[in-house]
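Here is work_34.cif, consisting of mmCIF, C-alpha atoms and all ligand atoms:
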```cif
data_my_file
loop_
_atom_site.group_PDB
_atom_site.id
_atom_site.type_symbol
_atom_site.label_atom_id
_atom_site.label_comp_id
_atom_site.auth_asym_id
_atom_site.auth_seq_id
_atom_site.Cartn_x
_atom_site.Cartn_y
_atom_site.Cartn_z
ATOM 1 C CA MET F 1 0.000 0.000 0.000
ATOM 2 C CA THR F 2 1.213 3.476 -0.794
ATOM 3 C CA VAL F 3 0.319 6.564 1.116
ATOM 4 C CA VAL F 4 -2.655 8.379 -0.418
ATOM 5 C CA ALA F 5 -1.121 10.835 -2.848
ATOM 6 C CA ASP F 6 -1.984 14.498 -2.955
ATOM 7 C CA VAL F 7 -4.783 15.164 -5.467
ATOM 8 C CA THR F 8 -2.406 17.200 -7.648
ATOM 9 C CA ASP F 9 -0.152 14.162 -8.067
ATOM 10 C CA THR F 10 -3.167 11.941 -8.692
ATOM 11 C CA ILE F 11 -4.451 14.260 -11.436
ATOM 12 C CA ARG F 12 -0.995 14.494 -13.006
ATOM 13 C CA ALA F 13 -0.773 10.704 -13.158
ATOM 14 C CA LEU F 14 -4.315 10.386 -14.559
ATOM 15 C CA ARG F 15 -3.605 12.999 -17.253
ATOM 16 C CA GLN F 16 -0.740 10.778 -18.425
ATOM 17 C CA GLU F 17 -2.736 7.565 -18.169
ATOM 18 C CA VAL F 18 -5.838 8.894 -19.957
ATOM 19 C CA CYS F 19 -3.713 10.465 -22.707
ATOM 20 C CA ALA F 20 -1.771 7.221 -23.235
ATOM 21 C CA LEU F 21 -4.931 5.091 -23.323
ATOM 22 C CA HIS F 22 -6.181 7.059 -26.348
ATOM 23 C CA GLU F 23 -3.340 5.419 -28.301
ATOM 24 C CA GLN F 24 -5.112 2.100 -27.806
ATOM 25 C CA LEU F 25 -8.242 3.441 -29.538
ATOM 26 C CA THR F 26 -6.255 4.221 -32.675
ATOM 27 C CA ARG F 27 -4.087 1.088 -32.359
ATOM 28 C CA TYR F 28 -7.184 -1.134 -32.458
ATOM 29 C CA GLN F 29 -8.863 1.064 -35.098
ATOM 30 C CA LEU F 30 -11.862 1.892 -32.920
ATOM 31 C CA VAL F 31 -11.979 5.585 -33.889
ATOM 32 C CA VAL F 32 -11.687 7.960 -36.855
ATOM 33 C CA TRP F 33 -10.860 11.666 -36.939
ATOM 34 C CA THR F 34 -11.504 13.070 -33.424
ATOM 35 C CA ALA F 35 -14.459 10.827 -32.504
ATOM 36 C CA GLY F 36 -14.200 8.685 -29.389
ATOM 37 C CA ASN F 37 -12.751 9.341 -25.979
ATOM 38 C CA VAL F 38 -11.492 7.928 -22.693
ATOM 39 C CA SER F 39 -12.140 9.345 -19.235
ATOM 40 C CA ALA F 40 -11.107 8.425 -15.701
ATOM 41 C CA ARG F 41 -12.536 9.249 -12.310
ATOM 42 C CA VAL F 42 -10.206 11.026 -9.872
ATOM 43 C CA PRO F 43 -10.562 8.603 -6.934
ATOM 44 C CA GLY F 44 -11.884 10.190 -3.760
ATOM 45 C CA HIS F 45 -12.815 13.452 -5.507
ATOM 46 C CA ASP F 46 -15.880 14.469 -7.517
ATOM 47 C CA LEU F 47 -13.682 14.975 -10.579
ATOM 48 C CA LEU F 48 -12.893 13.287 -13.878
ATOM 49 C CA VAL F 49 -10.127 13.575 -16.483
ATOM 50 C CA ILE F 50 -11.207 13.442 -20.153
ATOM 51 C CA LYS F 51 -10.027 14.098 -23.695
ATOM 52 C CA PRO F 52 -10.375 17.648 -25.043
ATOM 53 C CA SER F 53 -13.027 18.182 -27.722
ATOM 54 C CA GLY F 54 -12.022 18.222 -31.374
ATOM 55 C CA VAL F 55 -8.275 17.701 -30.865
ATOM 56 C CA SER F 56 -6.568 15.235 -33.221
ATOM 57 C CA TYR F 57 -5.349 11.992 -31.656
ATOM 58 C CA ASP F 58 -1.822 12.888 -32.827
ATOM 59 C CA ASP F 59 -1.947 16.112 -30.819
ATOM 60 C CA LEU F 60 -3.147 14.694 -27.486
ATOM 61 C CA THR F 61 -0.786 15.339 -24.580
ATOM 62 C CA PRO F 62 -1.165 14.889 -20.811
ATOM 63 C CA ASP F 63 -1.349 18.678 -20.509
ATOM 64 C CA ASN F 64 -4.300 19.121 -22.859
ATOM 65 C CA MET F 65 -6.487 16.573 -21.061
ATOM 66 C CA VAL F 66 -9.332 18.379 -19.271
ATOM 67 C CA VAL F 67 -10.339 18.028 -15.611
ATOM 68 C CA CYS F 68 -14.087 18.461 -14.959
ATOM 69 C CA ASP F 69 -16.409 18.104 -12.012
ATOM 70 C CA LEU F 70 -19.068 15.387 -12.086
ATOM 71 C CA HIS F 71 -21.519 17.771 -13.762
ATOM 72 C CA GLY F 72 -19.152 18.341 -16.688
ATOM 73 C CA LYS F 73 -17.941 21.784 -15.623
ATOM 74 C CA VAL F 74 -14.253 22.443 -16.413
ATOM 75 C CA VAL F 75 -12.114 22.916 -13.320
ATOM 76 C CA GLU F 76 -8.663 22.639 -14.940
ATOM 77 C CA GLY F 77 -7.606 22.797 -18.595
ATOM 78 C CA GLU F 78 -7.196 25.130 -21.553
ATOM 79 C CA HIS F 79 -9.541 23.238 -23.886
ATOM 80 C CA ALA F 80 -13.244 22.493 -23.948
ATOM 81 C CA PRO F 81 -13.856 18.919 -22.804
ATOM 82 C CA SER F 82 -15.187 16.169 -25.057
ATOM 83 C CA SER F 83 -18.807 16.653 -26.056
ATOM 84 C CA ASP F 84 -19.521 13.329 -24.296
ATOM 85 C CA THR F 85 -18.422 14.698 -20.921
ATOM 86 C CA GLU F 86 -21.962 15.219 -19.602
ATOM 87 C CA ALA F 87 -22.925 11.643 -20.407
ATOM 88 C CA GLN F 88 -19.789 10.278 -18.773
ATOM 89 C CA ALA F 89 -20.165 12.562 -15.728
ATOM 90 C CA TYR F 90 -23.686 11.190 -15.280
ATOM 91 C CA VAL F 91 -22.294 7.635 -15.261
ATOM 92 C CA TYR F 92 -19.711 8.553 -12.585
ATOM 93 C CA ARG F 93 -22.406 10.226 -10.457
ATOM 94 C CA GLU F 94 -24.774 7.278 -10.638
ATOM 95 C CA MET F 95 -22.309 4.350 -10.583
ATOM 96 C CA PRO F 96 -19.725 4.885 -7.830
ATOM 97 C CA GLU F 97 -17.979 1.605 -8.719
ATOM 98 C CA VAL F 98 -17.042 2.960 -12.177
ATOM 99 C CA GLY F 99 -13.501 4.352 -12.476
ATOM 100 C CA GLY F 100 -13.284 4.714 -16.255
ATOM 101 C CA VAL F 101 -15.588 5.288 -19.248
ATOM 102 C CA VAL F 102 -14.823 4.913 -22.963
ATOM 103 C CA HIS F 103 -16.860 5.928 -25.993
ATOM 104 C CA THR F 104 -16.279 4.860 -29.588
ATOM 105 C CA HIS F 105 -18.166 4.464 -32.859
ATOM 106 C CA SER F 106 -16.184 1.311 -33.683
ATOM 107 C CA THR F 107 -17.474 -0.105 -36.954
ATOM 108 C CA TYR F 108 -18.856 -3.573 -36.242
ATOM 109 C CA ALA F 109 -20.276 -2.779 -32.806
ATOM 110 C CA THR F 110 -21.924 0.353 -34.183
ATOM 111 C CA ALA F 111 -23.383 -1.656 -37.073
ATOM 112 C CA TRP F 112 -25.206 -3.788 -34.454
ATOM 113 C CA ALA F 113 -26.243 -0.559 -32.681
ATOM 114 C CA SER F 114 -27.699 0.780 -35.923
ATOM 115 C CA ARG F 115 -30.051 -2.220 -36.043
ATOM 116 C CA ALA F 116 -30.784 -1.977 -32.289
ATOM 117 C CA GLU F 117 -29.733 -5.615 -32.128
ATOM 118 C CA PRO F 118 -27.785 -6.945 -29.128
ATOM 119 C CA VAL F 119 -24.720 -9.061 -29.946
ATOM 120 C CA PRO F 120 -25.705 -12.603 -28.888
ATOM 121 C CA CYS F 121 -23.483 -14.696 -26.639
ATOM 122 C CA VAL F 122 -22.151 -17.245 -29.116
ATOM 123 C CA LEU F 123 -18.418 -17.071 -28.281
ATOM 124 C CA THR F 124 -16.615 -18.047 -25.097
ATOM 125 C CA MET F 125 -14.899 -14.649 -25.154
ATOM 126 C CA GLY F 126 -18.341 -13.037 -25.142
ATOM 127 C CA ALA F 127 -19.281 -15.058 -22.063
ATOM 128 C CA ASP F 128 -15.916 -14.275 -20.418
ATOM 129 C CA GLU F 129 -15.961 -10.530 -20.907
ATOM 130 C CA PHE F 130 -19.681 -9.663 -21.130
ATOM 131 C CA GLY F 131 -21.372 -12.490 -19.207
ATOM 132 C CA GLY F 132 -24.054 -12.740 -21.907
ATOM 133 C CA GLU F 133 -25.191 -10.638 -24.844
ATOM 134 C CA ILE F 134 -23.860 -7.129 -25.366
ATOM 135 C CA PRO F 135 -27.013 -5.083 -24.703
ATOM 136 C CA ILE F 136 -28.640 -2.246 -26.648
ATOM 137 C CA GLY F 137 -29.336 1.075 -24.933
ATOM 138 C CA PRO F 138 -32.032 3.554 -25.970
ATOM 139 C CA PHE F 139 -31.828 6.096 -28.772
ATOM 140 C CA ALA F 140 -30.720 9.347 -27.129
ATOM 141 C CA ILE F 141 -29.739 12.781 -28.395
ATOM 142 C CA ILE F 142 -26.536 14.459 -27.224
ATOM 143 C CA GLY F 143 -26.870 17.613 -25.125
ATOM 144 C CA ASP F 144 -28.556 16.592 -21.874
ATOM 145 C CA ASP F 145 -28.593 13.658 -19.448
ATOM 146 C CA SER F 146 -30.396 11.275 -21.791
ATOM 147 C CA ILE F 147 -27.298 9.434 -23.045
ATOM 148 C CA GLY F 148 -25.983 9.074 -19.495
ATOM 149 C CA ARG F 149 -29.370 7.872 -18.260
ATOM 150 C CA GLY F 150 -29.564 5.326 -21.069
ATOM 151 C CA ILE F 151 -26.088 3.974 -20.301
ATOM 152 C CA VAL F 152 -26.798 3.646 -16.574
ATOM 153 C CA GLU F 153 -30.268 2.137 -17.026
ATOM 154 C CA THR F 154 -28.873 -0.483 -19.393
ATOM 155 C CA LEU F 155 -25.667 -1.403 -17.565
ATOM 156 C CA ARG F 156 -26.968 -1.252 -14.000
ATOM 157 C CA GLY F 157 -27.885 -4.816 -13.155
ATOM 158 C CA SER F 158 -26.201 -6.150 -16.320
ATOM 159 C CA ARG F 159 -22.970 -8.134 -16.281
ATOM 160 C CA SER F 160 -21.870 -6.440 -19.492
ATOM 161 C CA PRO F 161 -19.354 -3.596 -19.166
ATOM 162 C CA ALA F 162 -20.397 -2.308 -22.616
ATOM 163 C CA VAL F 163 -23.651 -0.983 -24.079
ATOM 164 C CA LEU F 164 -24.473 -0.348 -27.725
ATOM 165 C CA MET F 165 -26.428 2.899 -27.711
ATOM 166 C CA GLN F 166 -29.010 2.602 -30.483
ATOM 167 C CA ASN F 167 -28.044 4.323 -33.763
ATOM 168 C CA HIS F 168 -24.930 5.716 -32.070
ATOM 169 C CA GLY F 169 -22.089 3.586 -30.744
ATOM 170 C CA VAL F 170 -20.337 1.944 -27.818
ATOM 171 C CA PHE F 171 -20.029 3.155 -24.245
ATOM 172 C CA SER F 172 -17.949 0.926 -21.978
ATOM 173 C CA ILE F 173 -17.170 1.124 -18.284
ATOM 174 C CA GLY F 174 -14.690 -0.437 -15.881
ATOM 175 C CA PRO F 175 -13.194 -0.141 -12.436
ATOM 176 C CA THR F 176 -10.316 1.678 -14.178
ATOM 177 C CA ALA F 177 -9.980 3.559 -17.462
ATOM 178 C CA ARG F 178 -7.741 0.751 -18.746
ATOM 179 C CA ALA F 179 -10.452 -1.837 -18.007
ATOM 180 C CA ALA F 180 -13.009 0.305 -19.855
ATOM 181 C CA VAL F 181 -10.653 0.492 -22.872
ATOM 182 C CA LYS F 182 -10.258 -3.286 -22.791
ATOM 183 C CA ALA F 183 -14.053 -3.691 -22.786
ATOM 184 C CA ALA F 184 -14.314 -1.376 -25.814
ATOM 185 C CA VAL F 185 -11.648 -3.399 -27.670
ATOM 186 C CA MET F 186 -13.300 -6.737 -26.810
ATOM 187 C CA CYS F 187 -16.750 -5.391 -27.710
ATOM 188 C CA GLU F 188 -15.583 -4.551 -31.223
ATOM 189 C CA ASP F 189 -13.811 -7.894 -31.594
ATOM 190 C CA VAL F 190 -16.867 -9.907 -30.491
ATOM 191 C CA ALA F 191 -19.209 -7.790 -32.657
ATOM 192 C CA ARG F 192 -16.930 -8.346 -35.655
ATOM 193 C CA THR F 193 -16.581 -12.109 -35.231
ATOM 194 C CA VAL F 194 -20.311 -12.654 -34.654
ATOM 195 C CA HIS F 195 -21.089 -10.468 -37.667
ATOM 196 C CA ILE F 196 -18.795 -12.619 -39.843
ATOM 197 C CA SER F 197 -20.261 -15.812 -38.388
ATOM 198 C CA ARG F 198 -23.735 -14.601 -39.359
ATOM 199 C CA GLN F 199 -22.678 -14.341 -42.996
ATOM 200 C CA LEU F 200 -22.420 -18.129 -43.276
ATOM 201 C CA GLY F 201 -25.243 -19.308 -41.070
ATOM 202 C CA ASP F 202 -26.753 -19.206 -37.616
ATOM 203 C CA PRO F 203 -24.304 -18.838 -34.722
ATOM 204 C CA VAL F 204 -24.959 -21.405 -31.962
ATOM 205 C CA PRO F 205 -25.906 -19.951 -28.555
ATOM 206 C CA ILE F 206 -23.890 -21.058 -25.511
ATOM 207 C CA PRO F 207 -26.144 -22.673 -22.857
ATOM 208 C CA GLN F 208 -26.763 -20.348 -19.905
ATOM 209 C CA GLN F 209 -25.012 -22.528 -17.312
ATOM 210 C CA HIS F 210 -21.858 -22.506 -19.418
ATOM 211 C CA VAL F 211 -22.101 -18.730 -19.902
ATOM 212 C CA ASP F 212 -22.359 -18.374 -16.115
ATOM 213 C CA ALA F 213 -19.389 -20.701 -15.481
ATOM 214 C CA LEU F 214 -17.197 -19.024 -18.112
ATOM 215 C CA PHE F 215 -17.995 -15.549 -16.783
ATOM 216 C CA ASP F 216 -17.310 -16.578 -13.184
ATOM 217 C CA ARG F 217 -14.006 -18.221 -14.061
ATOM 218 C CA TYR F 218 -12.785 -15.328 -16.199
ATOM 219 C CA GLN F 219 -13.763 -12.661 -13.682
ATOM 220 C CA ASN F 220 -12.498 -14.486 -10.599
ATOM 221 C CA VAL F 221 -9.820 -17.028 -11.506
ATOM 222 C CA TYR F 222 -8.260 -16.240 -14.897
ATOM 223 C CA GLY F 223 -4.959 -14.415 -15.346
ATOM 224 C CA GLN F 224 -2.298 -13.239 -12.949
ATOM 225 C CA ARG F 225 -3.673 -13.008 -9.453
HETATM 226 ZN ZN ZN F 301 -20.621 9.370 -30.134
#
```
Target encoding structure tokens, full file:
Amino acid sequence: MTVVADVTDTIRALRQEVCALHEQLTRYQLVVWTAGNVSARVPGHDLLVIKPSGVSYDDLTPDNMVVCDLHGKVVEGEHAPSSDTEAQAYVYREMPEVGGVVHTHSTYATAWASRAEPVPCVLTMGADEFGGEIPIGPFAIIGDDSIGRGIVETLRGSRSPAVLMQNHGVFSIGPTARAAVKAAVMCEDVARTVHISRQLGDPVPIPQQHVDALFDRYQNVYGQR
């Protein structure tokens, strides 16, 4: 255990982490132009760190990340925050267990979102990461709480860390920003594979008891402990 760092040090570290995690969005081809973003909660404070609005991925630096309160108001930063800040702030307000939020319009996942069709659980990796289907959230217009409300209403009580907001794209959550990025990457991968599977026939559902066992093992046993 380390001593609880001063909030200034915590924010400095999160600026670096959030900036660096945006490289994963481009690495896995989840975003184009300036769309998409990563945010992180500042633990123990009603603050978040998020990407600036409209800045090219090549130009992101720790210093141009924006610090906002949990109502989306800028408290530190030269730039306007991402236009998704209000939605993400709503998620942090309503889901205290969430430490990171990611938003993308990644192609295959968003294709499912455009049909308002959840991605069925037909792959062990879908059971591992999402514990079932990847759910659809409501159609919601940017500019008020409606996207945030839709994310929270869909993910609260779901095992999935990702929601496909209808006609829009992916929002993913995690205990950390890195975990939320991983969920966004896995969401696109599962959506892509199931899409391709559909081209040649009917994907076979995994029986519920196996979904439950896979999810439990992956969440509680798998990996370095
Ligand atoms: Zn969007």
Sort by chain and increasing residue number a table of all residues of chain F within 12 Å of ligand ZN 301 (chain F), each with its closest pair of atoms and their distance in Å to one decimal, counting all atoms listed in the file, and write it as a tab-separated table.
```
residue	atom	partner	partner_atom	distance
F:Leu30	CA	F:ZN301	ZN	11.8
F:Val31	CA	F:ZN301	ZN	10.2
F:Val32	CA	F:ZN301	ZN	11.3
F:Thr34	CA	F:ZN301	ZN	10.4
F:Ala35	CA	F:ZN301	ZN	6.8
F:Gly36	CA	F:ZN301	ZN	6.5
F:Asn37	CA	F:ZN301	ZN	8.9
F:Val38	CA	F:ZN301	ZN	11.9
F:Ser53	CA	F:ZN301	ZN	11.9
F:Ser82	CA	F:ZN301	ZN	10.1
F:Ser83	CA	F:ZN301	ZN	8.5
F:Asp84	CA	F:ZN301	ZN	7.1
F:Thr85	CA	F:ZN301	ZN	10.9
F:Ala87	CA	F:ZN301	ZN	10.3
F:Gln88	CA	F:ZN301	ZN	11.4
F:Val102	CA	F:ZN301	ZN	10.2
F:His103	CA	F:ZN301	ZN	6.6
F:Thr104	CA	F:ZN301	ZN	6.3
F:His105	CA	F:ZN301	ZN	6.1
F:Ser106	CA	F:ZN301	ZN	9.9
F:Thr110	CA	F:ZN301	ZN	10.0
F:Ala113	CA	F:ZN301	ZN	11.7
F:Phe139	CA	F:ZN301	ZN	11.8
F:Ala140	CA	F:ZN301	ZN	10.5
F:Ile141	CA	F:ZN301	ZN	9.9
F:Ile142	CA	F:ZN301	ZN	8.3
F:Gly143	CA	F:ZN301	ZN	11.5
F:Ile147	CA	F:ZN301	ZN	9.7
F:Gly148	CA	F:ZN301	ZN	11.9
F:Leu164	CA	F:ZN301	ZN	10.7
F:Met165	CA	F:ZN301	ZN	9.0
F:Gln166	CA	F:ZN301	ZN	10.8
F:Asn167	CA	F:ZN301	ZN	9.7
F:His168	CA	F:ZN301	ZN	6.0
F:Gly169	CA	F:ZN301	ZN	6.0
F:Val170	CA	F:ZN301	ZN	7.8
F:Phe171	CA	F:ZN301	ZN	8.6
```
Counting all atoms listed in the file, which residues of range 48-142 of chain F fall within 8 Å of range 192-209 of chain F, and what is the closest atom pair for each with its distance in Å at one decimal, ordered by chain and rising number, as CSV?
```
residue,atom,partner,partner_atom,distance
F:Tyr108,CA,F:Arg192,CA,5.2
F:Ala109,CA,F:Arg192,CA,7.1
F:Val119,CA,F:Val194,CA,7.4
F:Pro120,CA,F:Pro205,CA,7.4
F:Cys121,CA,F:Pro205,CA,6.1
F:Val122,CA,F:Pro205,CA,4.7
F:Leu123,CA,F:Ile206,CA,7.3
F:Thr124,CA,F:Ile206,CA,7.9
```
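Note that CA of Met125 in chain F and CA of Tyr222 in chain F are 12.3 Å apart.
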For Leu47 in chain F, please output as a list in words all residues within 12 Å (counting only C-alpha atoms; exclusion window: fewer than 5 positions along the same chain). Val7, Thr8, Thr10, Ile11, Leu14, Ser39, Ala40, Arg41, Val42, Val66, Val67, Cys68, Asp69, Leu70, His71, Gly72, Lys73, Val74, Val75, Glu76, Thr85, Gln88, Ala89, Tyr90, Tyr92, Arg93, Gly99 and Gly100 of chain F
Output the residue selection produced by the PyMOL selection byres (((chain F and resi 18) around 8) and not hetatm) on the file above, formatted as a PDB file with C-alpha atoms, in the coordinates of the input.
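Okay, expr01.pdb is ready:
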```pdb
ATOM      1  CA  LEU F  14      -4.315  10.386 -14.559  1.00  0.00           C
ATOM      2  CA  ARG F  15      -3.605  12.999 -17.253  1.00  0.00           C
ATOM      3  CA  GLN F  16      -0.740  10.778 -18.425  1.00  0.00           C
ATOM      4  CA  GLU F  17      -2.736   7.565 -18.169  1.00  0.00           C
ATOM      5  CA  CYS F  19      -3.713  10.465 -22.707  1.00  0.00           C
ATOM      6  CA  ALA F  20      -1.771   7.221 -23.235  1.00  0.00           C
ATOM      7  CA  LEU F  21      -4.931   5.091 -23.323  1.00  0.00           C
ATOM      8  CA  HIS F  22      -6.181   7.059 -26.348  1.00  0.00           C
ATOM      9  CA  VAL F  38     -11.492   7.928 -22.693  1.00  0.00           C
ATOM     10  CA  SER F  39     -12.140   9.345 -19.235  1.00  0.00           C
ATOM     11  CA  ALA F  40     -11.107   8.425 -15.701  1.00  0.00           C
ATOM     12  CA  VAL F  49     -10.127  13.575 -16.483  1.00  0.00           C
ATOM     13  CA  ILE F  50     -11.207  13.442 -20.153  1.00  0.00           C
ATOM     14  CA  LYS F  51     -10.027  14.098 -23.695  1.00  0.00           C
ATOM     15  CA  PRO F  62      -1.165  14.889 -20.811  1.00  0.00           C
ATOM     16  CA  MET F  65      -6.487  16.573 -21.061  1.00  0.00           C
ATOM     17  CA  ALA F 177      -9.980   3.559 -17.462  1.00  0.00           C
TER      18      ALA F 177
END
```
Using all atoms listed in the file, find the one residue out of F:Ser146, F:Met95, F:Arg159, F:Tyr28 that sits nearest to Asp216 in chain F.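 Comparing F:Ser146, F:Met95, F:Arg159, F:Tyr28 against Asp216 in chain F, the winner is F:Arg159.
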Would you kindly return, as a ChimeraX atom specification, each protein, DNA or RNA residue with an atom no farther than 12 Å from any atom of Ala162 in chain F, considering only C-alpha atoms and excluding same-chain residues fewer than 2 positions away? /F:100-104,109-110,113,118-119,126,129-137,151-152,154-156,158-160,164-165,169-174,179-188,190-191
Please, what distance in Å, to one decimal, runs between CA of Pro161 in chain F and CA of Glu94 in chain F?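 Separating CA of Pro161 in chain F from CA of Glu94 in chain F is a distance of 14.8 Å.
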Have a look at F:Glu153, F:Asp189, F:Asp144, F:Asp128 and name the one nearest to Asp212 in chain F; count only C-alpha atoms. F:Asp128
Between CA of Gln29 in chain F and CA of Gly223 in chain F, what is the spacing in Å?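 Value for the CA of Gly223 in chain F-CA of Gln29 in chain F distance: 25.4 Å.
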Evaluating the PyMOL selection byres (((chain F and resi 80) around 6) and not hetatm) on the displayed file yields which residues, as a list in words? Pro52, Ser53, His79 and Pro81 of chain F
